[in-house]
Amino acid sequence: MLTQFSQSEESLNTFAPRLLNWFAENGRHDLPWQQHQTDTPNPYIVWLSEVMLQQTQVTTVIPYFARFMDTFPTVQDLAAADWDTVAEHWAGLGYYARARNLHKGAKQLVEIIDETGDFPQTLKGWEAISGVGPSTAGAIMAMGLHRYGVICDGNVKRVLTRWAAIDGDITKSATTKALWALAERLTPNENSGLFAQAMMDMGATLCVRRNPNCQLCPLQKDCIAHAEGRETDYPVKAKKKPKPSKFSNALIIGNEQGEVLWLQRPDNGIWGGLWSLPLEFIEKTEGQKSRKMATGTQKLNVRSNEKLYETEFTTAEQIINDWLHENELVAQPVSSTLLDDAPIKHSLTHFHWYLQPQRLVIDKAQVLELNDKLNAANIAFKWLDKQQALDGLGLPRAMEKIIAI
């Protein structure tokens with residue numbers, strides 16, 4: 001564990017100049033949100049991109065960022081937009097709490113701008129915005145306002161743990177504290193925005209998780225992990241427990257016009273505020289399930305978590321499931337050859353989700369009866385065909401997979 005800086009004063013003092021020289025020649029200078037070549041930087045652009053880039057790769061973010069900027073060119077436009085429009089623009093990017101925080105944060109920023117005439121100008125001011133943590137706030141200060149700011153995101157932690165051989169578990173607070181101290185020591189008072197860009201590029205292009213390109217690294221000569229041939233041993237992180245699994249039937253309830261029932265999920269929980277097919281959760285016991293294949297039977301290890309089952313079974317889905325049971329209506333699997341009760345695997349942060357599409361067509365009278373029950377409970381729902389749903393709703397990627405079948 002790092003108690004004092006493990007590198008020499010010379011190494012500490014030359015870290016930033018070496019990195020900045022490398023960045024000037026080899027860094028990325030054409031990303032649409034970059035502000036280091038701008039005399040009057042736009043913190044809105046940096047804030048938006050930083051939120052999108054959390055746990056998401058640049059190549060994935062670029063088209064989403066472009067769509068957001070086309071539709072919401074200013075923070076006022078984003079704040080004034082209705083949630084469904086924001087959700088539709090975010091759909092497929094994942095980690096949907098970011099989108100809810102982004103929308104909420106836009107409203108907070110507009111209030112501050114209306115009161116003060118400008119965006120927050122301090123680190124503490126940005127940390128008060130929904131969804132903005134210390135590293136994001138530091139990035140906005142450094143790159144969005146051209147002021148002093150320190151970042152210590154995942155890419156930076158990987159670079160620093162290797163360079164200084166920091167062997168503490170990066171999920172622990174003591175290691176986090178040490179990494180922030182080192183990041184602050186290395187960040188220059190001048191050009192901290194350029195330094196932040198350079199650190200991000202270093203972690204994204206050279207000091208990558210697997211097969212780092214050490215031969216081109218400007219920090220190679222005093223990188224301790226490289227000297228020891230242990231680059232991929234860092235950062236140190238405790239092994240995660242196996243994810244539990246959850247199983248659901250995705251009910252494709254259609255009407256006689258070829259439209260399908262869609263529900264808006266509650267703001268809290270998985271896919272908050274997005275639209276989904278009604279889900280019918282299947283309770284599984286821990287153990288092995290079988291998958292029938294042309295080559296024989298394959299065993300699938302699963303772990304069930306009943307808490308997940310209970311918390312994600314929404315009011316709307318309870319109403320629909322009860323109504324189907326009362327009317328003795330049974331949806332049929334789209335395919336009888338699919339994995340157990342769940343053909344589509346969709347992995348989320350804390351569990352794997354197996355979804356099996358099941359289809360059911362109901363008549364006009366049944367549609368009206370079901371509509372009445374949903375309306376009585378103030379449930380947001382729509383009947384749309386496949387293309388209308390894709391074009392007009394914010395759909396999780398799992399739903400896009402299902403309706404593509």
# chains A, B, ... in the order shown; residues from 1 in each chain; ligands from 1

call {"tool": "select_by_dssp", "arguments": {"residues": "range 20-259 of chain A", "states": "strand (DSSP E)", "output": "PyMOL selection string"}}
result
chain A and resi 245-254

call {"tool": "residues_around", "arguments": {"residues": "Ala250 in chain A", "least_positions_apart": "5", "cutoff": "12 Å", "atoms": "only C-alpha atoms", "output": "PDB file with N, CA and C atoms, in the first residue's frame"}}
result
ATOM      1  N   VAL A 260     -48.467  -3.841 -30.233  1.00  0.00           N
ATOM      2  CA  VAL A 260     -48.006  -4.554 -29.043  1.00  0.00           C
ATOM      3  C   VAL A 260     -48.065  -3.617 -27.842  1.00  0.00           C
ATOM      4  N   LEU A 261     -48.365  -4.183 -26.676  1.00  0.00           N
ATOM      5  CA  LEU A 261     -48.466  -3.399 -25.447  1.00  0.00           C
ATOM      6  C   LEU A 261     -47.080  -3.085 -24.881  1.00  0.00           C
ATOM      7  N   TRP A 262     -46.843  -1.796 -24.608  1.00  0.00           N
ATOM      8  CA  TRP A 262     -45.593  -1.335 -24.002  1.00  0.00           C
ATOM      9  C   TRP A 262     -45.892  -0.599 -22.707  1.00  0.00           C
ATOM     10  N   LEU A 263     -45.053  -0.814 -21.699  1.00  0.00           N
ATOM     11  CA  LEU A 263     -45.205  -0.179 -20.393  1.00  0.00           C
ATOM     12  C   LEU A 263     -44.015   0.722 -20.118  1.00  0.00           C
ATOM     13  N   SER A 276     -40.818  -0.872 -21.821  1.00  0.00           N
ATOM     14  CA  SER A 276     -40.501  -2.291 -21.845  1.00  0.00           C
ATOM     15  C   SER A 276     -41.759  -3.091 -22.130  1.00  0.00           C
ATOM     16  N   LEU A 277     -41.571  -4.277 -22.686  1.00  0.00           N
ATOM     17  CA  LEU A 277     -42.662  -5.238 -22.734  1.00  0.00           C
ATOM     18  C   LEU A 277     -42.985  -5.653 -21.304  1.00  0.00           C
ATOM     19  N   PRO A 278     -44.229  -6.030 -21.027  1.00  0.00           N
ATOM     20  CA  PRO A 278     -44.532  -6.573 -19.694  1.00  0.00           C
ATOM     21  C   PRO A 278     -43.678  -7.807 -19.431  1.00  0.00           C
ATOM     22  N   LEU A 279     -43.157  -7.923 -18.226  1.00  0.00           N
ATOM     23  CA  LEU A 279     -42.302  -9.047 -17.870  1.00  0.00           C
ATOM     24  C   LEU A 279     -42.999  -9.939 -16.850  1.00  0.00           C
ATOM     25  N   GLU A 280     -42.819 -11.219 -17.025  1.00  0.00           N
ATOM     26  CA  GLU A 280     -43.385 -12.205 -16.109  1.00  0.00           C
ATOM     27  C   GLU A 280     -42.201 -12.943 -15.499  1.00  0.00           C
ATOM     28  N   PHE A 281     -41.920 -12.679 -14.230  1.00  0.00           N
ATOM     29  CA  PHE A 281     -40.714 -13.212 -13.621  1.00  0.00           C
ATOM     30  C   PHE A 281     -40.875 -14.668 -13.207  1.00  0.00           C
ATOM     31  N   ILE A 282     -39.824 -15.418 -13.443  1.00  0.00           N
ATOM     32  CA  ILE A 282     -39.801 -16.839 -13.144  1.00  0.00           C
ATOM     33  C   ILE A 282     -38.887 -17.068 -11.952  1.00  0.00           C
ATOM     34  N   GLU A 317     -47.007  -4.893 -14.067  1.00  0.00           N
ATOM     35  CA  GLU A 317     -46.824  -6.302 -14.409  1.00  0.00           C
ATOM     36  C   GLU A 317     -47.646  -7.214 -13.509  1.00  0.00           C
ATOM     37  N   ASN A 321     -50.311  -9.739 -15.102  1.00  0.00           N
ATOM     38  CA  ASN A 321     -50.215 -11.163 -14.796  1.00  0.00           C
ATOM     39  C   ASN A 321     -51.476 -11.692 -14.114  1.00  0.00           C
ATOM     40  N   ALA A 331     -49.596 -17.004 -22.727  1.00  0.00           N
ATOM     41  CA  ALA A 331     -48.718 -16.658 -23.840  1.00  0.00           C
ATOM     42  C   ALA A 331     -47.858 -17.861 -24.200  1.00  0.00           C
ATOM     43  N   GLN A 332     -47.556 -17.993 -25.479  1.00  0.00           N
ATOM     44  CA  GLN A 332     -46.779 -19.128 -25.956  1.00  0.00           C
ATOM     45  C   GLN A 332     -45.370 -18.693 -26.356  1.00  0.00           C
ATOM     46  N   PRO A 333     -44.353 -19.509 -26.043  1.00  0.00           N
ATOM     47  CA  PRO A 333     -42.982 -19.163 -26.439  1.00  0.00           C
ATOM     48  C   PRO A 333     -42.876 -18.922 -27.939  1.00  0.00           C
ATOM     49  N   VAL A 334     -42.095 -17.940 -28.309  1.00  0.00           N
ATOM     50  CA  VAL A 334     -41.866 -17.658 -29.723  1.00  0.00           C
ATOM     51  C   VAL A 334     -41.170 -18.839 -30.374  1.00  0.00           C
ATOM     52  N   ASP A 341     -36.066 -21.523 -19.963  1.00  0.00           N
ATOM     53  CA  ASP A 341     -37.159 -20.561 -20.009  1.00  0.00           C
ATOM     54  C   ASP A 341     -36.658 -19.187 -20.419  1.00  0.00           C
ATOM     55  N   ALA A 342     -35.423 -19.071 -20.906  1.00  0.00           N
ATOM     56  CA  ALA A 342     -34.858 -17.753 -21.136  1.00  0.00           C
ATOM     57  C   ALA A 342     -33.815 -17.780 -22.238  1.00  0.00           C
ATOM     58  N   PRO A 343     -34.172 -17.400 -23.456  1.00  0.00           N
ATOM     59  CA  PRO A 343     -33.245 -17.523 -24.572  1.00  0.00           C
ATOM     60  C   PRO A 343     -32.253 -16.377 -24.714  1.00  0.00           C
ATOM     61  N   ILE A 344     -32.606 -15.184 -24.307  1.00  0.00           N
ATOM     62  CA  ILE A 344     -31.762 -14.021 -24.536  1.00  0.00           C
ATOM     63  C   ILE A 344     -31.071 -13.633 -23.239  1.00  0.00           C
ATOM     64  N   TRP A 353     -29.563 -11.421 -16.868  1.00  0.00           N
ATOM     65  CA  TRP A 353     -30.999 -11.515 -17.061  1.00  0.00           C
ATOM     66  C   TRP A 353     -31.267 -12.372 -18.297  1.00  0.00           C
ATOM     67  N   TYR A 354     -32.037 -13.444 -18.096  1.00  0.00           N
ATOM     68  CA  TYR A 354     -32.411 -14.319 -19.200  1.00  0.00           C
ATOM     69  C   TYR A 354     -33.884 -14.062 -19.542  1.00  0.00           C
ATOM     70  N   LEU A 355     -34.132 -13.719 -20.806  1.00  0.00           N
ATOM     71  CA  LEU A 355     -35.475 -13.309 -21.223  1.00  0.00           C
ATOM     72  C   LEU A 355     -35.983 -14.207 -22.345  1.00  0.00           C
ATOM     73  N   GLN A 356     -37.196 -14.703 -22.160  1.00  0.00           N
ATOM     74  CA  GLN A 356     -37.802 -15.499 -23.224  1.00  0.00           C
ATOM     75  C   GLN A 356     -39.038 -14.784 -23.762  1.00  0.00           C
ATOM     76  N   PRO A 357     -39.040 -14.430 -25.040  1.00  0.00           N
ATOM     77  CA  PRO A 357     -40.232 -13.818 -25.630  1.00  0.00           C
ATOM     78  C   PRO A 357     -41.384 -14.823 -25.678  1.00  0.00           C
ATOM     79  N   GLN A 358     -42.547 -14.376 -25.255  1.00  0.00           N
ATOM     80  CA  GLN A 358     -43.768 -15.188 -25.355  1.00  0.00           C
ATOM     81  C   GLN A 358     -44.864 -14.320 -25.957  1.00  0.00           C
ATOM     82  N   ARG A 359     -45.577 -14.879 -26.905  1.00  0.00           N
ATOM     83  CA  ARG A 359     -46.543 -14.101 -27.679  1.00  0.00           C
ATOM     84  C   ARG A 359     -47.983 -14.487 -27.343  1.00  0.00           C
ATOM     85  N   LEU A 360     -48.850 -13.459 -27.359  1.00  0.00           N
ATOM     86  CA  LEU A 360     -50.277 -13.652 -27.099  1.00  0.00           C
ATOM     87  C   LEU A 360     -51.038 -12.550 -27.818  1.00  0.00           C
ATOM     88  N   ALA A 398     -32.124  -4.680 -24.410  1.00  0.00           N
ATOM     89  CA  ALA A 398     -32.729  -6.016 -24.335  1.00  0.00           C
ATOM     90  C   ALA A 398     -34.057  -6.072 -25.086  1.00  0.00           C
ATOM     91  N   MET A 399     -34.842  -4.989 -25.023  1.00  0.00           N
ATOM     92  CA  MET A 399     -36.118  -4.962 -25.731  1.00  0.00           C
ATOM     93  C   MET A 399     -35.905  -4.911 -27.243  1.00  0.00           C
ATOM     94  N   GLU A 400     -34.867  -4.192 -27.664  1.00  0.00           N
ATOM     95  CA  GLU A 400     -34.558  -4.152 -29.081  1.00  0.00           C
ATOM     96  C   GLU A 400     -34.163  -5.545 -29.587  1.00  0.00           C
ATOM     97  N   LYS A 401     -33.440  -6.286 -28.753  1.00  0.00           N
ATOM     98  CA  LYS A 401     -33.073  -7.654 -29.115  1.00  0.00           C
ATOM     99  C   LYS A 401     -34.313  -8.525 -29.287  1.00  0.00           C
ATOM    100  N   ILE A 402     -35.282  -8.344 -28.386  1.00  0.00           N
ATOM    101  CA  ILE A 402     -36.471  -9.204 -28.411  1.00  0.00           C
ATOM    102  C   ILE A 402     -37.333  -8.921 -29.629  1.00  0.00           C
ATOM    103  N   ILE A 403     -37.587  -7.662 -29.920  1.00  0.00           N
ATOM    104  CA  ILE A 403     -38.491  -7.377 -31.048  1.00  0.00           C
ATOM    105  C   ILE A 403     -37.803  -7.582 -32.398  1.00  0.00           C
TER     106      ILE A 403
END

call {"tool": "atom_distance", "arguments": {"atom1": "CA of Gln34 in chain A", "atom2": "CA of Ser130 in chain A"}}
result
22.3 Å

call {"tool": "residues_around", "arguments": {"residues": "Leu374 in chain A", "least_positions_apart": "5", "cutoff": "9 Å", "atoms": "only C-alpha atoms", "output": "list in words"}}
result
Ala316, Ile319, Ile320, Glu369, Ile379, Ala380 and Phe381 of chain A

call {"tool": "residues_around", "arguments": {"residues": "Leu53 in chain A", "least_positions_apart": "3", "cutoff": "12 Å", "atoms": "only C-alpha atoms", "output": "number ranges by chain"}}
result
A: 33, 46-50, 56-62, 64-65, 93-95, 98-99, 136, 139, 153-155, 200, 204

call {"tool": "closest_residue", "arguments": {"among": "A:Arg18, A:Ile166, A:Pro43, A:Ala91", "to": "Leu109 in chain A", "atoms": "only C-alpha atoms"}}
result
A:Pro43

call {"tool": "closest_residue", "arguments": {"among": "A:Ala225, A:Glu127, A:Val361, A:Gln108", "to": "Asn255 in chain A", "atoms": "only C-alpha atoms"}}
result
A:Val361

call {"tool": "closest_atom_pairs", "arguments": {"of": "range 159-209 of chain A", "to": "range 20-24 of chain A", "cutoff": "9 Å", "atoms": "only C-alpha atoms", "output": "CSV"}}
result
residue,atom,partner,partner_atom,distance
A:Leu194,CA,A:Leu20,CA,7.2
A:Phe195,CA,A:Leu20,CA,6.3
A:Gln197,CA,A:Phe23,CA,8.2
A:Ala198,CA,A:Phe23,CA,5.4
A:Met199,CA,A:Phe23,CA,8.7
A:Asp201,CA,A:Phe23,CA,7.8
A:Met202,CA,A:Phe23,CA,8.2

call {"tool": "write_last_selection", "arguments": {"atoms": "N, CA and C atoms", "output": "PDB file, in the first residue's frame"}}
result
ATOM      1  N   LEU A 194      -5.316  20.234 -20.404  1.00  0.00           N
ATOM      2  CA  LEU A 194      -4.513  19.442 -21.335  1.00  0.00           C
ATOM      3  C   LEU A 194      -4.010  18.163 -20.665  1.00  0.00           C
ATOM      4  N   PHE A 195      -3.599  18.294 -19.424  1.00  0.00           N
ATOM      5  CA  PHE A 195      -3.106  17.136 -18.677  1.00  0.00           C
ATOM      6  C   PHE A 195      -4.215  16.106 -18.501  1.00  0.00           C
ATOM      7  N   GLN A 197      -6.820  15.653 -20.478  1.00  0.00           N
ATOM      8  CA  GLN A 197      -7.011  15.023 -21.785  1.00  0.00           C
ATOM      9  C   GLN A 197      -5.926  13.977 -22.038  1.00  0.00           C
ATOM     10  N   ALA A 198      -4.680  14.339 -21.697  1.00  0.00           N
ATOM     11  CA  ALA A 198      -3.557  13.438 -21.942  1.00  0.00           C
ATOM     12  C   ALA A 198      -3.668  12.173 -21.100  1.00  0.00           C
ATOM     13  N   MET A 199      -4.054  12.304 -19.829  1.00  0.00           N
ATOM     14  CA  MET A 199      -4.214  11.138 -18.967  1.00  0.00           C
ATOM     15  C   MET A 199      -5.303  10.213 -19.490  1.00  0.00           C
ATOM     16  N   ASP A 201      -6.258   9.927 -22.612  1.00  0.00           N
ATOM     17  CA  ASP A 201      -5.766   9.284 -23.818  1.00  0.00           C
ATOM     18  C   ASP A 201      -4.751   8.189 -23.504  1.00  0.00           C
ATOM     19  N   MET A 202      -3.904   8.443 -22.527  1.00  0.00           N
ATOM     20  CA  MET A 202      -2.918   7.442 -22.134  1.00  0.00           C
ATOM     21  C   MET A 202      -3.621   6.149 -21.712  1.00  0.00           C
TER      22      MET A 202
END

call {"tool": "residues_around", "arguments": {"residues": "range 6-17 of chain A", "least_positions_apart": "4", "cutoff": "9 Å", "atoms": "only C-alpha atoms", "output": "list in words"}}
result
Leu2, Asn21, Trp22, Trp163, Ala164, Ala165, Ile166, Arg185, Leu186, Thr187, Pro188, Phe195, Pro218, Leu219, Asp222, Cys223 and Ile224 of chain A

call {"tool": "select_by_dssp", "arguments": {"residues": "range 67-171 of chain A", "states": "alpha helix (DSSP H)", "output": "tab-separated table (two decimals) with N, CA and C atoms, in the first residue's frame"}}
result
chain	number	residue	atom	x	y	z
A	67	ARG	N	-26.17	12.96	-31.47
A	67	ARG	CA	-27.63	13.07	-31.45
A	67	ARG	C	-28.09	14.04	-30.36
A	68	PHE	N	-27.48	13.93	-29.17
A	68	PHE	CA	-27.84	14.84	-28.10
A	68	PHE	C	-27.57	16.29	-28.49
A	69	MET	N	-26.42	16.55	-29.07
A	69	MET	CA	-26.08	17.92	-29.43
A	69	MET	C	-26.98	18.46	-30.54
A	70	ASP	N	-27.41	17.59	-31.44
A	70	ASP	CA	-28.34	18.02	-32.49
A	70	ASP	C	-29.69	18.43	-31.91
A	71	THR	N	-30.15	17.63	-30.94
A	71	THR	CA	-31.48	17.88	-30.37
A	71	THR	C	-31.44	18.84	-29.20
A	75	VAL	N	-27.83	23.59	-22.63
A	75	VAL	CA	-28.34	22.99	-21.40
A	75	VAL	C	-29.80	23.37	-21.19
A	76	GLN	N	-30.19	24.54	-21.66
A	76	GLN	CA	-31.60	24.97	-21.56
A	76	GLN	C	-32.50	24.05	-22.39
A	77	ASP	N	-32.01	23.64	-23.57
A	77	ASP	CA	-32.80	22.73	-24.40
A	77	ASP	C	-32.97	21.38	-23.71
A	78	LEU	N	-31.91	20.90	-23.09
A	78	LEU	CA	-31.98	19.61	-22.39
A	78	LEU	C	-32.91	19.70	-21.19
A	79	ALA	N	-32.82	20.78	-20.45
A	79	ALA	CA	-33.68	20.93	-19.27
A	79	ALA	C	-35.15	21.03	-19.64
A	80	ALA	N	-35.44	21.66	-20.77
A	80	ALA	CA	-36.83	21.87	-21.19
A	80	ALA	C	-37.44	20.65	-21.86
A	83	TRP	N	-39.04	13.94	-20.54
A	83	TRP	CA	-38.22	12.77	-20.22
A	83	TRP	C	-38.22	11.74	-21.34
A	84	ASP	N	-39.37	11.51	-21.96
A	84	ASP	CA	-39.44	10.49	-23.01
A	84	ASP	C	-38.47	10.79	-24.15
A	85	THR	N	-38.33	12.06	-24.49
A	85	THR	CA	-37.40	12.44	-25.56
A	85	THR	C	-35.96	12.18	-25.15
A	86	VAL	N	-35.63	12.54	-23.91
A	86	VAL	CA	-34.28	12.29	-23.40
A	86	VAL	C	-34.01	10.78	-23.36
A	87	ALA	N	-34.96	10.03	-22.85
A	87	ALA	CA	-34.79	8.57	-22.74
A	87	ALA	C	-34.61	7.93	-24.11
A	88	GLU	N	-35.37	8.41	-25.09
A	88	GLU	CA	-35.26	7.85	-26.44
A	88	GLU	C	-33.88	8.11	-27.03
A	89	HIS	N	-33.31	9.27	-26.73
A	89	HIS	CA	-31.97	9.60	-27.22
A	89	HIS	C	-30.89	8.78	-26.50
A	90	TRP	N	-31.15	8.40	-25.25
A	90	TRP	CA	-30.17	7.66	-24.47
A	90	TRP	C	-30.28	6.15	-24.70
A	97	ALA	N	-29.40	5.24	-15.07
A	97	ALA	CA	-29.45	6.25	-14.01
A	97	ALA	C	-28.69	7.50	-14.44
A	98	ARG	N	-27.69	7.33	-15.32
A	98	ARG	CA	-26.95	8.49	-15.82
A	98	ARG	C	-27.87	9.44	-16.57
A	99	ALA	N	-28.79	8.88	-17.36
A	99	ALA	CA	-29.70	9.73	-18.13
A	99	ALA	C	-30.65	10.48	-17.22
A	100	ARG	N	-31.14	9.82	-16.17
A	100	ARG	CA	-32.04	10.50	-15.24
A	100	ARG	C	-31.29	11.61	-14.51
A	101	ASN	N	-30.05	11.33	-14.09
A	101	ASN	CA	-29.26	12.37	-13.43
A	101	ASN	C	-28.93	13.51	-14.38
A	102	LEU	N	-28.68	13.17	-15.65
A	102	LEU	CA	-28.38	14.20	-16.65
A	102	LEU	C	-29.55	15.16	-16.81
A	103	HIS	N	-30.74	14.61	-16.92
A	103	HIS	CA	-31.94	15.44	-17.09
A	103	HIS	C	-32.18	16.30	-15.85
A	104	LYS	N	-32.04	15.68	-14.69
A	104	LYS	CA	-32.19	16.42	-13.44
A	104	LYS	C	-31.11	17.48	-13.30
A	105	GLY	N	-29.87	17.09	-13.65
A	105	GLY	CA	-28.76	18.03	-13.55
A	105	GLY	C	-28.93	19.23	-14.47
A	106	ALA	N	-29.49	19.00	-15.66
A	106	ALA	CA	-29.72	20.12	-16.58
A	106	ALA	C	-30.67	21.14	-15.97
A	107	LYS	N	-31.70	20.66	-15.31
A	107	LYS	CA	-32.65	21.58	-14.65
A	107	LYS	C	-31.95	22.35	-13.53
A	108	GLN	N	-31.08	21.66	-12.77
A	108	GLN	CA	-30.33	22.33	-11.71
A	108	GLN	C	-29.41	23.41	-12.28
A	109	LEU	N	-28.74	23.09	-13.38
A	109	LEU	CA	-27.82	24.04	-13.99
A	109	LEU	C	-28.54	25.27	-14.52
A	110	VAL	N	-29.71	25.06	-15.12
A	110	VAL	CA	-30.47	26.20	-15.62
A	110	VAL	C	-30.88	27.13	-14.48
A	111	GLU	N	-31.26	26.55	-13.35
A	111	GLU	CA	-31.60	27.38	-12.19
A	111	GLU	C	-30.40	28.22	-11.75
A	112	ILE	N	-29.22	27.59	-11.75
A	112	ILE	CA	-28.00	28.31	-11.34
A	112	ILE	C	-27.67	29.41	-12.35
A	113	ILE	N	-27.80	29.09	-13.64
A	113	ILE	CA	-27.52	30.09	-14.68
A	113	ILE	C	-28.50	31.25	-14.59
A	114	ASP	N	-29.78	30.95	-14.35
A	114	ASP	CA	-30.78	32.02	-14.22
A	114	ASP	C	-30.48	32.91	-13.02
A	115	GLU	N	-29.91	32.32	-11.97
A	115	GLU	CA	-29.63	33.08	-10.75
A	115	GLU	C	-28.31	33.84	-10.82
A	116	THR	N	-27.28	33.21	-11.40
A	116	THR	CA	-25.94	33.80	-11.37
A	116	THR	C	-25.46	34.32	-12.72
A	123	LEU	N	-15.37	23.73	-7.96
A	123	LEU	CA	-15.48	22.28	-7.87
A	123	LEU	C	-16.68	21.88	-7.04
A	124	LYS	N	-16.87	22.54	-5.91
A	124	LYS	CA	-17.99	22.23	-5.03
A	124	LYS	C	-19.32	22.50	-5.74
A	125	GLY	N	-19.37	23.55	-6.53
A	125	GLY	CA	-20.60	23.87	-7.27
A	125	GLY	C	-20.98	22.77	-8.25
A	126	TRP	N	-19.98	22.20	-8.93
A	126	TRP	CA	-20.27	21.12	-9.87
A	126	TRP	C	-20.59	19.81	-9.15
A	127	GLU	N	-19.94	19.56	-8.02
A	127	GLU	CA	-20.23	18.34	-7.28
A	127	GLU	C	-21.65	18.34	-6.72
A	134	PRO	N	-16.46	13.61	-7.87
A	134	PRO	CA	-15.24	14.40	-7.83
A	134	PRO	C	-14.45	14.40	-9.13
A	135	SER	N	-14.33	13.23	-9.79
A	135	SER	CA	-13.54	13.17	-11.02
A	135	SER	C	-14.24	13.90	-12.16
A	136	THR	N	-15.54	13.70	-12.29
A	136	THR	CA	-16.29	14.42	-13.32
A	136	THR	C	-16.23	15.92	-13.09
A	137	ALA	N	-16.38	16.33	-11.84
A	137	ALA	CA	-16.30	17.76	-11.51
A	137	ALA	C	-14.92	18.30	-11.85
A	138	GLY	N	-13.87	17.53	-11.54
A	138	GLY	CA	-12.52	17.96	-11.86
A	138	GLY	C	-12.32	18.09	-13.36
A	139	ALA	N	-12.88	17.17	-14.13
A	139	ALA	CA	-12.76	17.23	-15.58
A	139	ALA	C	-13.45	18.46	-16.14
A	154	GLY	N	-11.30	5.76	-14.03
A	154	GLY	CA	-10.76	4.42	-14.20
A	154	GLY	C	-9.48	4.37	-15.01
A	155	ASN	N	-9.44	5.12	-16.11
A	155	ASN	CA	-8.24	5.14	-16.94
A	155	ASN	C	-7.05	5.70	-16.17
A	156	VAL	N	-7.28	6.78	-15.43
A	156	VAL	CA	-6.19	7.40	-14.65
A	156	VAL	C	-5.70	6.44	-13.57
A	157	LYS	N	-6.61	5.78	-12.91
A	157	LYS	CA	-6.22	4.83	-11.85
A	157	LYS	C	-5.36	3.71	-12.41
A	158	ARG	N	-5.68	3.25	-13.62
A	158	ARG	CA	-4.88	2.18	-14.22
A	158	ARG	C	-3.46	2.68	-14.51
A	159	VAL	N	-3.34	3.88	-15.07
A	159	VAL	CA	-2.02	4.43	-15.36
A	159	VAL	C	-1.22	4.60	-14.08
A	160	LEU	N	-1.84	5.18	-13.06
A	160	LEU	CA	-1.10	5.49	-11.83
A	160	LEU	C	-0.73	4.24	-11.03
A	161	THR	N	-1.64	3.27	-10.97
A	161	THR	CA	-1.31	2.07	-10.20
A	161	THR	C	-0.14	1.32	-10.84
A	162	ARG	N	-0.05	1.33	-12.16
A	162	ARG	CA	1.06	0.67	-12.83
A	162	ARG	C	2.35	1.47	-12.67
A	163	TRP	N	2.26	2.77	-12.91
A	163	TRP	CA	3.46	3.60	-12.88
A	163	TRP	C	4.10	3.61	-11.49
A	164	ALA	N	3.27	3.67	-10.45
A	164	ALA	CA	3.79	3.75	-9.08
A	164	ALA	C	3.69	2.43	-8.33
